[in-house]
file final_1.txt (compact mmCIF, C-alpha atoms)
# COMPACT_ATOMS: atom_id res chain seq x y z
CA MET A 263 17.37 2.43 5.96
CA ASP A 264 15.79 0.38 3.14
CA ILE A 265 12.83 1.49 1.09
CA LYS A 266 10.53 -1.42 0.33
CA PHE A 267 7.66 -1.35 -2.15
CA ILE A 268 4.76 -3.59 -1.21
CA SER A 269 2.35 -5.33 -3.57
CA ASN A 270 -0.56 -7.14 -1.89
CA GLY A 271 1.34 -7.30 1.39
CA ILE A 272 4.35 -9.18 -0.04
CA HIS A 273 7.77 -7.55 -0.40
CA GLN A 274 8.48 -7.66 -4.13
CA TYR A 275 11.27 -5.21 -4.92
CA SER A 276 14.04 -3.44 -3.11
CA MET A 277 15.84 -0.81 -5.20
CA LYS A 278 18.30 1.94 -4.39
CA VAL A 279 16.90 5.48 -4.78
CA LYS A 280 18.31 8.89 -3.87
CA VAL A 281 16.56 11.34 -1.55
CA THR A 282 16.59 14.90 -2.96
CA ARG A 283 17.19 18.02 -0.88
CA ASN A 284 13.38 18.35 -0.63
CA TYR A 285 13.24 14.80 0.83
CA GLN A 286 11.62 13.39 -2.31
CA ILE A 287 12.37 10.11 -4.04
CA THR A 288 11.64 8.85 -7.55
CA ILE A 289 9.87 5.51 -7.67
CA PRO A 290 11.63 3.37 -10.31
CA ALA A 291 9.60 2.81 -13.51
CA LYS A 292 9.54 -0.98 -13.06
CA ILE A 293 7.81 -0.59 -9.69
CA ARG A 294 5.45 2.17 -10.90
CA LYS A 295 4.29 -0.03 -13.75
CA LYS A 296 3.99 -3.17 -11.61
CA LEU A 297 1.89 -1.39 -8.95
CA ASN A 298 0.07 0.82 -11.48
CA ILE A 299 1.14 4.01 -9.67
CA ARG A 300 0.13 7.16 -11.51
CA GLU A 301 1.07 10.83 -11.19
CA GLY A 302 -1.03 12.53 -8.51
CA GLN A 303 -1.95 9.25 -6.81
CA TYR A 304 -1.70 9.04 -3.03
CA LEU A 305 0.53 6.44 -1.35
CA ILE A 306 0.81 5.23 2.23
CA VAL A 307 4.28 5.60 3.75
CA GLU A 308 4.96 3.53 6.87
CA GLU A 309 7.94 3.02 9.13
CA ASP A 310 8.97 -0.57 9.80
CA GLU A 311 10.96 -0.17 13.03
CA LYS A 312 11.74 -3.89 13.31
CA ASN A 313 13.50 -3.94 9.92
CA ASN A 314 14.62 -0.28 9.94
CA ALA A 315 12.76 0.28 6.67
CA ILE A 316 10.24 2.54 4.99
CA ILE A 317 7.27 0.78 3.41
CA ILE A 318 5.42 2.49 0.56
CA ARG A 319 2.13 1.11 -0.74
CA PRO A 320 -0.60 2.39 -3.06
CA ILE A 321 -3.90 3.48 -1.52
CA GLU A 322 -7.06 1.88 -2.84
CA TRP A 323 -9.91 4.27 -2.18
CA VAL A 324 -13.24 3.04 -0.87
CA LYS A 325 -16.07 4.39 -3.01
CA LEU A 326 -19.21 5.48 -1.20
CA ARG A 327 -22.55 6.30 -2.81
CA LEU A 328 -23.07 10.02 -3.26
CA GLY A 329 -26.21 11.71 -2.08
CA LYS A 330 -26.62 9.51 0.98
CA LYS A 331 -26.13 11.13 4.36
CA LEU A 332 -23.62 9.00 6.25
CA THR A 333 -23.49 8.64 10.01
CA GLN A 334 -20.26 8.04 11.91
CA GLU A 335 -21.46 4.45 12.40
CA ASP A 336 -21.82 4.02 8.58
CA ILE A 337 -18.29 5.33 8.08
CA ASN A 338 -16.86 3.07 10.82
CA ARG A 339 -18.62 0.02 9.31
CA SER A 340 -17.13 0.81 5.88
CA ILE A 341 -13.64 1.17 7.36
CA GLU A 342 -13.94 -2.11 9.29
CA LYS A 343 -15.14 -3.96 6.17
CA TYR A 344 -12.30 -2.47 4.11
CA ASP A 345 -9.71 -3.47 6.76
CA LYS A 346 -11.08 -7.04 6.90
CA ASP A 347 -11.01 -7.30 3.10
CA ILE A 348 -7.40 -6.09 2.96
CA ILE A 349 -6.29 -8.51 5.69
CA GLU A 350 -8.01 -11.41 3.88
CA GLU A 351 -6.39 -10.45 0.54
CA GLU A 352 -2.93 -10.28 2.14
CA TYR A 353 -3.48 -13.62 3.91
CA GLN A 354 -4.48 -15.30 0.63
CA GLU A 355 -1.48 -13.77 -1.16
CA ILE A 356 0.89 -15.06 1.53
CA LYS A 357 -0.62 -18.54 1.22
CA ARG A 358 -0.14 -18.48 -2.60
CA TRP A 359 3.41 -17.18 -2.19
CA LYS A 360 4.32 -19.92 0.33
CA ARG A 361 2.94 -22.62 -2.01
CA LYS A 362 5.34 -21.41 -4.72
CA GLU A 363 8.38 -21.87 -2.47
call {"tool": "encode", "arguments": {"input": "final_1.txt", "output": "structure tokens"}}
result
Amino acid sequence: MDIKFISNGIHQYSMKVKVTRNYQITIPAKIRKKLNIREGQYLIVEEDEKNNAIIIRPIEWVKLRLGKKLTQEDINRSIEKYDKDIIEEEYQEIKRWKRKE
């Protein structure tokens, strides 16, 4: 199984890493620097069944105003907006990447 590190939805690096007895891996320095991954930061780990791979990507947190009581509808709207923004960013990155080919 490959471990792929994703930057803006585009596969950038594929490096060999060893899984420890506690099922941990070390993210190579080149990738940590490129993706600005810091100690204590949360990452999303996904299974890519089609390619038999693990995909690891940094989480970008959505900041909400403090002091405002949020309804479930407010939270759902924020999640939908965030998802749409991410999809649009990935689409634009793919278009730029294809133009370079």
call {"tool": "atom_distance", "arguments": {"input": "final_1.txt", "atom1": "atom CA of A:Leu297", "atom2": "atom CA of A:Pro320"}}
result
7.4 Å
call {"tool": "atom_distance", "arguments": {"input": "final_1.txt", "atom1": "atom CA of A:Ile293", "atom2": "atom CA of A:Arg361"}}
result
23.8 Å
call {"tool": "atom_distance", "arguments": {"input": "final_1.txt", "atom1": "atom CA of A:Arg294", "atom2": "atom CA of A:Ile316"}}
result
16.6 Å
call {"tool": "closest_residue", "arguments": {"input": "final_1.txt", "among": "A:Ala291, A:Tyr344, A:Gln334, A:Glu311", "to": "A:Val279", "atoms": "all atoms listed in the file"}}
result
A:Ala291
